[in-house]
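Asks: First, the structure itself, so that you have it in front of you.
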Amino acid sequence: MATAWTGSCCGWAWPRDISEELVNAAGGREHHIVGHLVTPQGPWRARLWLKPSQPDAPFSSTIDLHALIPGGAANSWAQAVSRYLFPSLVVGTFARGDGVTEAVLWERNRTTVLPPLIPGGPIAPGRNGTEVLPPLIAGPCVAEGINDQRQIVGWCVTGGERLAVLWEEQQPGQWTARELPGLGGTPRFSWAAGINATGRIGGISKDGNGRLMPTMWEAAAGTAVAAQALPLPGGYHGGGALGVSNRDHMAGFVTGDGQAAATLWRPEPERLYGIGSRASYRDINMRGDVLGESSNGAQLWATDVSIYDLSGLAPAFTPFAFNDHWWLAGVGLTFDTASNSMGLTGLLLQRV
């Protein structure tokens with residue numbers, strides 16, 4: 001690949017998402033990467049890494065999000081970060097000692113545990129570090145995505161069913177959980193995976209024929225939300241829409257005949273140019289470029305239908321997220337001088 005890259009290692013980290021370039025309070029430019037630390041001896045701890053935009057600059061600081069969870073947690077995972085806001089909004093999930101997961105929002109001066117979903121019951125308010133409400137009788141919840149308009153998506157389990165959820169802020173610090181309708185399958189199964197700036201949501205829902213279908217919801221503030229199954233290419237019978245760009249491109253996968261294919265809807269379905277049927281989807285940026293993997297390793301498929309082979313950037317490199325500047329966050333093998341061996345670690349690869 002003609003483009004030059006440099007890499008920065010952020011320790012035993014598992015990055016999950018990366019912001020666009022931000023202007024901080026001092027006027028400097030930086031990117032925010034979220035994920036969690038993984039260690040064999042201790043808990044998984046949600047983290048926010050701050051990286052100046054200069055290619056050779058080290059990480060300026062890290063924030064231990066795990067330590068900010070009201071009441072403490074056994075494990076925590078940061079899943080997504082806002083795109084252009086400074087300070088950033090971060091959403092994720094944590095588990096207490098009983099293993100039940102709850103969705104959480106981290107922001108500069110407040111950490112809010114998002115309410116569970118109670119179908120047919122009252123809408124529950126969120127709870128923050130200054131007001132911890134008693135636990136509500138409901139199943140686990142996971143937050144998967146957030147936009148700069150403070151809309152959060154994910155899923156909750158209730159009554160043995162997994163249901164897609166939209167969390168919205170009615171008043172500052174007071175959040176409500178709303179079930180996103182499914183495609184009519186029983187038992188119900190749906191999962192909201194990502195949301196863009198206009199409230200378009202991508203995910204998965206079971207239809208009346210029992211198929212898990214790529215699904216789109218529109219969640220403009222104050223409007224009713226309906227589920228729409230995305231069309232499938234010929235020969236495929238299911239799939240999922242796992243990411244949405246700000247141009248309303250949706251990306252994910254389709255399944256059929258025992259194999260999956262990375263797919264882009266814009267708005268009609270088309271298998272991404274040059275990707276084999278066994279290609280997997282990882283992320284879509286705000287512009288609509290898609291990150292994934294094929295049998296040849298990590299790949300980037302640009303909106304102009306160019307294909308970039310990323311497999312040689314680092315040994316065993318697996319990308320998870322990227323942004324419009326093509327900064328890549330993932331994991332790969334690096335050499336550990338202390339143990340004189342190769343080890344899996346978090347990597348940030350920057351285009352320069």
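In the structure tokens, the first chain shown is A, the next is B, and so on; residue numbers restart at 1 for each chain, and ligands run from 1 in the order shown.
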What are the closest atom pairs, with distances in Å to one decimal, for each residue of stretch 266-349 of chain A lying within 7 Å of stretch 234-246 of chain A, using only C-alpha atoms, rows by chain and rising residue number, as a tab-separated table?
Replies:
```
residue	atom	partner	partner_atom	distance
A:Asp283	CA	A:Gly243	CA	6.5
A:Ile284	CA	A:Gly243	CA	5.9
A:Asn285	CA	A:Ser245	CA	5.9
A:Met286	CA	A:Ser245	CA	4.3
A:Arg287	CA	A:Ser245	CA	6.1
A:Gly288	CA	A:Ser245	CA	5.4
```
Asks: Go ahead and write the residues just picked, C-alpha atoms, as a compact mmCIF listing (two decimals), in the first residue's frame.
Replies:
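Output file result.txt follows:
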```txt
# COMPACT_ATOMS: atom_id res chain seq x y z
CA ASP A 283 -16.56 -0.79 11.29
CA ILE A 284 -17.86 2.00 9.06
CA ASN A 285 -16.66 5.59 9.40
CA MET A 286 -18.77 8.73 9.08
CA ARG A 287 -17.86 9.10 5.40
CA GLY A 288 -18.92 5.56 4.50
```
Asks: Once DSSP has gone over the backbone, tell me which residues of stretch 22-131 of chain A are in helix (DSSP H, G or I), as a list in words.
Replies: Leu65, His66, Ala67 and Leu68 of chain A
Asks: Go ahead and write the residues just picked, C-alpha atoms, as a PDB file, in the first residue's frame.
Replies:
```pdb
ATOM      1  CA  LEU A  65     -13.491   4.848  33.423  1.00  0.00           C
ATOM      2  CA  HIS A  66     -13.893   1.709  35.525  1.00  0.00           C
ATOM      3  CA  ALA A  67     -13.101   3.661  38.692  1.00  0.00           C
ATOM      4  CA  LEU A  68     -15.908   6.159  37.961  1.00  0.00           C
TER       5      LEU A  68
END
```
Asks: Find the spatial neighbours of stretch 45-52 of chain A, counting only C-alpha atoms, within a cut-off of 7 Å - ignore same-chain residues fewer than 4 positions away - and output them as a PyMOL selection string.
Replies: chain A and resi 29-37+57-66+75-78
Asks: Just the selected residues (C-alpha atoms), exported as a PDB file, in the first residue's frame, please.
Replies:
```
ATOM      1  CA  ARG A  29      -5.818  18.514  18.418  1.00  0.00           C
ATOM      2  CA  GLU A  30      -6.282  14.968  19.626  1.00  0.00           C
ATOM      3  CA  HIS A  31      -8.182  11.733  19.150  1.00  0.00           C
ATOM      4  CA  HIS A  32     -10.008   9.745  21.824  1.00  0.00           C
ATOM      5  CA  ILE A  33      -9.857   5.951  21.804  1.00  0.00           C
ATOM      6  CA  VAL A  34     -12.080   3.831  24.063  1.00  0.00           C
ATOM      7  CA  GLY A  35     -11.949   0.190  25.041  1.00  0.00           C
ATOM      8  CA  HIS A  36     -10.769  -1.829  28.007  1.00  0.00           C
ATOM      9  CA  LEU A  37      -7.651  -3.245  29.587  1.00  0.00           C
ATOM     10  CA  ALA A  57       3.469  11.945  19.847  1.00  0.00           C
ATOM     11  CA  PRO A  58       2.882   9.494  22.727  1.00  0.00           C
ATOM     12  CA  PHE A  59      -0.482   9.077  24.387  1.00  0.00           C
ATOM     13  CA  SER A  60      -0.978  12.189  26.500  1.00  0.00           C
ATOM     14  CA  SER A  61      -3.091  10.552  29.209  1.00  0.00           C
ATOM     15  CA  THR A  62      -5.543   7.804  30.013  1.00  0.00           C
ATOM     16  CA  ILE A  63      -8.729   7.917  32.062  1.00  0.00           C
ATOM     17  CA  ASP A  64      -9.750   4.910  34.156  1.00  0.00           C
ATOM     18  CA  LEU A  65     -13.491   4.848  33.423  1.00  0.00           C
ATOM     19  CA  HIS A  66     -13.893   1.709  35.525  1.00  0.00           C
ATOM     20  CA  ASN A  75     -15.670  -5.717  35.160  1.00  0.00           C
ATOM     21  CA  SER A  76     -16.353  -2.940  32.659  1.00  0.00           C
ATOM     22  CA  TRP A  77     -16.101  -2.377  28.906  1.00  0.00           C
ATOM     23  CA  ALA A  78     -16.194   0.879  26.928  1.00  0.00           C
TER      24      ALA A  78
END
```
Asks: Write out as an MDAnalysis selection string the set of residues from stretch 74-262 of chain A that DSSP, computed on the backbone, places in strand (DSSP E).
Replies: chainID A and resid 75:81 90:95 101:107 110:113 127:128 141:146 152:158 161:171 174:179 190:195 200:206 212:218 227:229 238:244 250:256 259:262
Asks: Can you list, as a PyMOL selection string, every protein, DNA or RNA residue that comes within 6 Å of A:Glu144 when you count only C-alpha atoms, leaving out same-chain residues fewer than 6 positions away?
Replies: chain A and resi 79+153-154+193
Asks: Using only N, CA and C atoms, please write the residues we just selected to a file, as a short mmCIF file (atom, residue, chain, number, x, y, z; two decimals), in the first residue's frame.
Replies:
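Done, and the output landed in part_7.cif:
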```cif
data_model
loop_
_atom_site.label_atom_id
_atom_site.label_comp_id
_atom_site.auth_asym_id
_atom_site.auth_seq_id
_atom_site.Cartn_x
_atom_site.Cartn_y
_atom_site.Cartn_z
N GLN A 79 -17.57 0.76 24.92
CA GLN A 79 -17.92 0.25 23.60
C GLN A 79 -17.87 1.30 22.49
N VAL A 153 -27.90 3.64 21.85
CA VAL A 153 -28.60 2.42 21.46
C VAL A 153 -27.87 1.21 22.01
N GLY A 154 -28.63 0.11 22.11
CA GLY A 154 -28.08 -1.15 22.59
C GLY A 154 -29.19 -2.17 22.71
N ALA A 193 -27.21 -1.78 17.12
CA ALA A 193 -25.74 -1.81 17.17
C ALA A 193 -25.09 -0.45 16.96
#
```
Asks: What does the structure give for the distance between atom CA of A:Ala261 and atom CA of A:Thr93, in Å to one decimal?
Replies: 28.4 Å
Asks: Can you tell me, as a PyMOL selection string, what residues are no more than 10 Å from A:Val38 when counting only C-alpha atoms, ignoring any on the same chain fewer than 3 positions away?
Replies: chain A and resi 11-14+35+41-46+77+345-346
Asks: When you look at A:Gln151 with a cut-off of 9 Å (counting only C-alpha atoms), what residues show up, excluding the ones that are within fewer than 4 positions of it in the same chain? I need them as a PyMOL selection string.
Replies: chain A and resi 145-147+166-169+195+197+199+219
Asks: Restricting the output to N, CA and C atoms, write the selected residues as a PDB file, in the first residue's frame.
Replies:
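And here is the file that came out, out_27.pdb:
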```pdb
ATOM      1  N   GLY A 145     -23.849   1.944  21.083  1.00  0.00           N
ATOM      2  CA  GLY A 145     -23.511   3.083  20.245  1.00  0.00           C
ATOM      3  C   GLY A 145     -24.087   4.376  20.766  1.00  0.00           C
ATOM      4  N   ILE A 146     -23.491   5.506  20.344  1.00  0.00           N
ATOM      5  CA  ILE A 146     -23.970   6.820  20.764  1.00  0.00           C
ATOM      6  C   ILE A 146     -23.688   7.811  19.626  1.00  0.00           C
ATOM      7  N   ASN A 147     -24.546   8.826  19.491  1.00  0.00           N
ATOM      8  CA  ASN A 147     -24.267   9.917  18.560  1.00  0.00           C
ATOM      9  C   ASN A 147     -24.031  11.209  19.324  1.00  0.00           C
ATOM     10  N   LEU A 166     -33.470   2.136  22.724  1.00  0.00           N
ATOM     11  CA  LEU A 166     -32.992   3.498  22.500  1.00  0.00           C
ATOM     12  C   LEU A 166     -33.112   4.246  23.809  1.00  0.00           C
ATOM     13  N   TRP A 167     -31.988   4.779  24.302  1.00  0.00           N
ATOM     14  CA  TRP A 167     -32.003   5.623  25.501  1.00  0.00           C
ATOM     15  C   TRP A 167     -31.946   7.080  25.073  1.00  0.00           C
ATOM     16  N   GLU A 168     -32.823   7.901  25.638  1.00  0.00           N
ATOM     17  CA  GLU A 168     -32.844   9.330  25.342  1.00  0.00           C
ATOM     18  C   GLU A 168     -32.926  10.119  26.636  1.00  0.00           C
ATOM     19  N   GLU A 169     -32.342  11.318  26.615  1.00  0.00           N
ATOM     20  CA  GLU A 169     -32.295  12.177  27.794  1.00  0.00           C
ATOM     21  C   GLU A 169     -33.475  13.147  27.747  1.00  0.00           C
ATOM     22  N   ILE A 195     -25.785   4.082  15.715  1.00  0.00           N
ATOM     23  CA  ILE A 195     -26.693   5.186  15.408  1.00  0.00           C
ATOM     24  C   ILE A 195     -25.877   6.338  14.837  1.00  0.00           C
ATOM     25  N   ALA A 197     -25.797  10.590  13.181  1.00  0.00           N
ATOM     26  CA  ALA A 197     -26.145  11.913  13.699  1.00  0.00           C
ATOM     27  C   ALA A 197     -27.614  12.259  13.529  1.00  0.00           C
ATOM     28  N   GLY A 199     -30.119  10.053  13.722  1.00  0.00           N
ATOM     29  CA  GLY A 199     -30.975   9.111  14.419  1.00  0.00           C
ATOM     30  C   GLY A 199     -31.286   7.847  13.644  1.00  0.00           C
ATOM     31  N   ALA A 219     -34.976   7.222  14.284  1.00  0.00           N
ATOM     32  CA  ALA A 219     -35.283   7.667  15.637  1.00  0.00           C
ATOM     33  C   ALA A 219     -35.154   9.170  15.767  1.00  0.00           C
TER      34      ALA A 219
END
```
